[in-house]
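Colleague: Please find one structure pasted underneath; my questions will follow.
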Amino acid sequence: MFCEGNTGLCVNTRQLTVQMMQNPQILAALQERLDGLVGSPSGYMESLPKVVKRRVNALKNLQVKCAHIEAKFYEEVHELERKYAALYQPLFDKRSDIVKAAYEPTEEECEWKADEEEELTVSKQEEMKEKAKVEEEKKDEEKEDPKGIPEFWLTVFKNVDLLSDMLQEHDEPILKHLQDIKVKFSDPGQPMSFSLEFYFEPNEFFTNTLLTKTYKMRSEPDENDPFSFDGPEIMGCTGCTIDWTKGKNITLKTIKKKQKHKGRGTVRTVTKTVPNDSFFNFFTPPDVPESGDLDEDSEAVLAADFEIGHFIRERIVPRAVLYFTGEAIEDDDDDVSTHHSLCVMTSEPSHWPSHVFP
């Protein structure tokens with residue numbers, strides 16, 4: 001490694017890297033410089049003899065064939081994901097049944113062997129727990145036992161920065177009714193895609209019991225730019241219509257604005273309905289035109305949307321209980337430094353094109 005036998009230099013390098021990552025102006029300048037280098041031919045290539053350039057072109061043609069083989073690889077990965085999703089689903093269904101109190105786990109299913117650190121903590125707290133036991137029993141007698149695991153998915157969302165940033169205070173009463181999230185992959189032979197399915201119990205806010213978000217992916221090289229292929233990329237997404245109960249649509253808000261009449265000078269109050277920040281805007285993403293051209297704001301919204309959708313699919317749904325307890329948060333923090341080196345055989349966001357996951 002670069003750091004071996006040169007610890008001081010390594011520390012200084014790390015500090016410099018952190019400072020650079022925290023300075024958006026430096027990052028922007030560096031990105032601009034890198035963008036300028038992409039696709040620009042080197043002077044060396046221009047200086048090569050014509051016969052050598054021909055052979056280089058032959059190598060490029062081989063590279064295109066490699067890209068098509070890589071595309072086949074990702075298609076098979078998608079098939080494997082579909083196969084194992086079917087194996088996971090009975091376990092996820094049982095998780096859902098426990099969360100919504102449709103199934104009460106047995107004593108044996110509830111047993112959990114704590115690790116050494118947990119055992120030490122439990123040991124230190126035994127005395128305090130014993131003292132509090134009588135009071136807890138009294139409280140339990142006074143109130144009704146909670147059903148299932150209350151606010152399970154809301155707690156998961158609040159524990160994850162990527163999702164909690166989307167949440168508004170008015171979203172929380174609705175998300176308390178969220179009972180399950182499922183991932184559904186496209187059928188064999190169909191274009192590659194996946195859907196996120198959000199299941200709600202009956203509530204006062206909307207009549208839907210299911211809200212969906214579908215992400216369409218492209219898994220083959222672009223004919224005009226085959227060398228840019230680096231695995232499947234999300235090309236667009238579609239949400240669904242939420243059938244809001246009258247007066248409960250939290251994605252809209254009413255504002256009052258005073259207007260002065262130019263001629264008469266009179267002032268009147270105008271009521272206007274405008275968009276309101278809400279998690280549920282997730283189900284109405286911007287439309288992607290056929291040309292693929294988007295303004296900067298829409299591009300930023302879609303980039304964030306794709307990242308969130310992928311994160312829910314890859315992390316939240318498979319490991320929901322660990323995000324509920326907070327254990328997965330620490331694992332995610334530990335993964336940051338090694339994430340790029342581990343993504344070669346996965347479909348993690350960092351292995352996907354940078355324009356999709358910035």
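Convention: chains lettered A, B, ... in structure tokens order; per-chain residue numbering from 1; ligands numbered from 1 as shown.
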Tell me, as a list in words, which residues lie within 8 Å of segment 100-112 of chain A, counting only C-alpha atoms; anything in the same chain fewer than 3 positions away does not count.

Modeller: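 Once the adjacent positions are removed, what remains is Lys94, Ser96, Asp97, Lys147, Gly148, Ile149, Pro150 and Gln179 of chain A.
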
Colleague: With segment 56-77 of chain A as the partner and 9 Å as the cut-off, tabulate the residues of segment 172-225 of chain A that qualify, each row holding the nearest pair of atoms and their distance in Å to one decimal, using only C-alpha atoms, sorted by chain and rising number, as a Markdown table.

Modeller:
```
| residue | atom | partner | partner_atom | distance |
| --- | --- | --- | --- | --- |
| A:Met192 | CA | A:Glu75 | CA | 8.1 |
| A:Ser219 | CA | A:Ala71 | CA | 5.8 |
| A:Glu220 | CA | A:Ala71 | CA | 5.3 |
| A:Pro221 | CA | A:Ala67 | CA | 6.6 |
```

Colleague: Mind writing the picked residues with all heavy atoms as a PDB file, in the first residue's frame?

Modeller:
```
ATOM      1  N   MET A 192     -36.215  -5.111 -18.746  1.00  0.00           N
ATOM      2  CA  MET A 192     -35.764  -5.106 -17.355  1.00  0.00           C
ATOM      3  C   MET A 192     -36.370  -3.930 -16.585  1.00  0.00           C
ATOM      4  O   MET A 192     -36.302  -2.790 -17.024  1.00  0.00           O
ATOM      5  CB  MET A 192     -34.236  -5.031 -17.302  1.00  0.00           C
ATOM      6  CG  MET A 192     -33.657  -5.234 -15.914  1.00  0.00           C
ATOM      7  SD  MET A 192     -31.843  -5.087 -15.870  1.00  0.00           S
ATOM      8  CE  MET A 192     -31.345  -6.550 -16.785  1.00  0.00           C
ATOM      9  N   SER A 219     -30.351  -2.408 -20.181  1.00  0.00           N
ATOM     10  CA  SER A 219     -29.252  -3.309 -19.827  1.00  0.00           C
ATOM     11  C   SER A 219     -28.388  -3.674 -21.024  1.00  0.00           C
ATOM     12  O   SER A 219     -27.672  -4.667 -20.991  1.00  0.00           O
ATOM     13  CB  SER A 219     -29.812  -4.597 -19.209  1.00  0.00           C
ATOM     14  OG  SER A 219     -30.673  -5.240 -20.133  1.00  0.00           O
ATOM     15  N   GLU A 220     -28.476  -2.866 -22.104  1.00  0.00           N
ATOM     16  CA  GLU A 220     -27.622  -3.148 -23.257  1.00  0.00           C
ATOM     17  C   GLU A 220     -26.844  -1.886 -23.618  1.00  0.00           C
ATOM     18  O   GLU A 220     -27.279  -0.770 -23.311  1.00  0.00           O
ATOM     19  CB  GLU A 220     -28.439  -3.631 -24.462  1.00  0.00           C
ATOM     20  CG  GLU A 220     -29.402  -2.623 -25.036  1.00  0.00           C
ATOM     21  CD  GLU A 220     -30.727  -2.573 -24.298  1.00  0.00           C
ATOM     22  OE1 GLU A 220     -31.015  -3.511 -23.522  1.00  0.00           O
ATOM     23  OE2 GLU A 220     -31.461  -1.583 -24.477  1.00  0.00           O
ATOM     24  N   PRO A 221     -25.693  -2.051 -24.265  1.00  0.00           N
ATOM     25  CA  PRO A 221     -24.879  -0.876 -24.630  1.00  0.00           C
ATOM     26  C   PRO A 221     -25.616   0.032 -25.604  1.00  0.00           C
ATOM     27  O   PRO A 221     -26.392  -0.429 -26.445  1.00  0.00           O
ATOM     28  CB  PRO A 221     -23.641  -1.498 -25.298  1.00  0.00           C
ATOM     29  CG  PRO A 221     -23.620  -2.924 -24.857  1.00  0.00           C
ATOM     30  CD  PRO A 221     -25.046  -3.315 -24.641  1.00  0.00           C
TER      31      PRO A 221
END
```

Colleague: Excluding same-chain residues fewer than 3 positions from Val183 of chain A, what lies within 8 Å of it counting only C-alpha atoms, as a list in words?

Modeller: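 The residues satisfying every condition are Phe194, Ser195, Leu196, Glu197, Arg313 and Val317 of chain A.
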
Colleague: Can you check which residues of segment 181-356 of chain A DSSP gives as strand (DSSP E) on the backbone and send them as a ChimeraX atom specification?

Modeller: /A:181-185,193-200,210-218,233-238,252-260,267-275

Colleague: Pick out the closest residue to Glu233 of chain A from this set: A:Asp93, A:Glu307, A:Glu81, A:Asp145. Count only C-alpha atoms.

Modeller: A:Glu307

Colleague: Atom CA of Ala303 of chain A and atom CA of Pro173 of chain A are how many Å apart?

Modeller: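 For atom CA of Ala303 of chain A relative to atom CA of Pro173 of chain A, the distance reads 27.5 Å.
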
Colleague: Under the rule that only C-alpha atoms are counted, which of A:Lys256, A:His78, A:Arg268, A:His177 is the nearest residue to Arg218 of chain A?

Modeller: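 Ranking A:Lys256, A:His78, A:Arg268, A:His177 by distance to Arg218 of chain A, first place goes to A:His78.
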
Colleague: Given only C-alpha atoms as the basis, pick out the residue of A:Lys257, A:Lys158, A:Lys248, A:Lys182 nearest to Phe324 of chain A.

Modeller: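 Between A:Lys257, A:Lys158, A:Lys248, A:Lys182, the residue approaching Phe324 of chain A most closely is A:Lys158.
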
Colleague: Please give the complete set of residues from segment 145-206 of chain A that DSSP, run on the backbone, assigns to alpha helix (DSSP H), formatted as a count of residues only.

Modeller: 16

Colleague: Can you list, as an MDAnalysis selection string, every protein, DNA or RNA residue that comes within 10 Å of Ile250 of chain A when you count only C-alpha atoms, leaving out same-chain residues fewer than 2 positions away?

Modeller: chainID A and resid 168 170:171 174 205 244 247:248 252:253 275:281

Colleague: How many Å lie between atom CA of Lys246 of chain A and atom CA of Thr207 of chain A, rounded to one decimal?

Modeller: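 Taking atom CA of Lys246 of chain A as the start and atom CA of Thr207 of chain A as the end point, the length is 10.6 Å.
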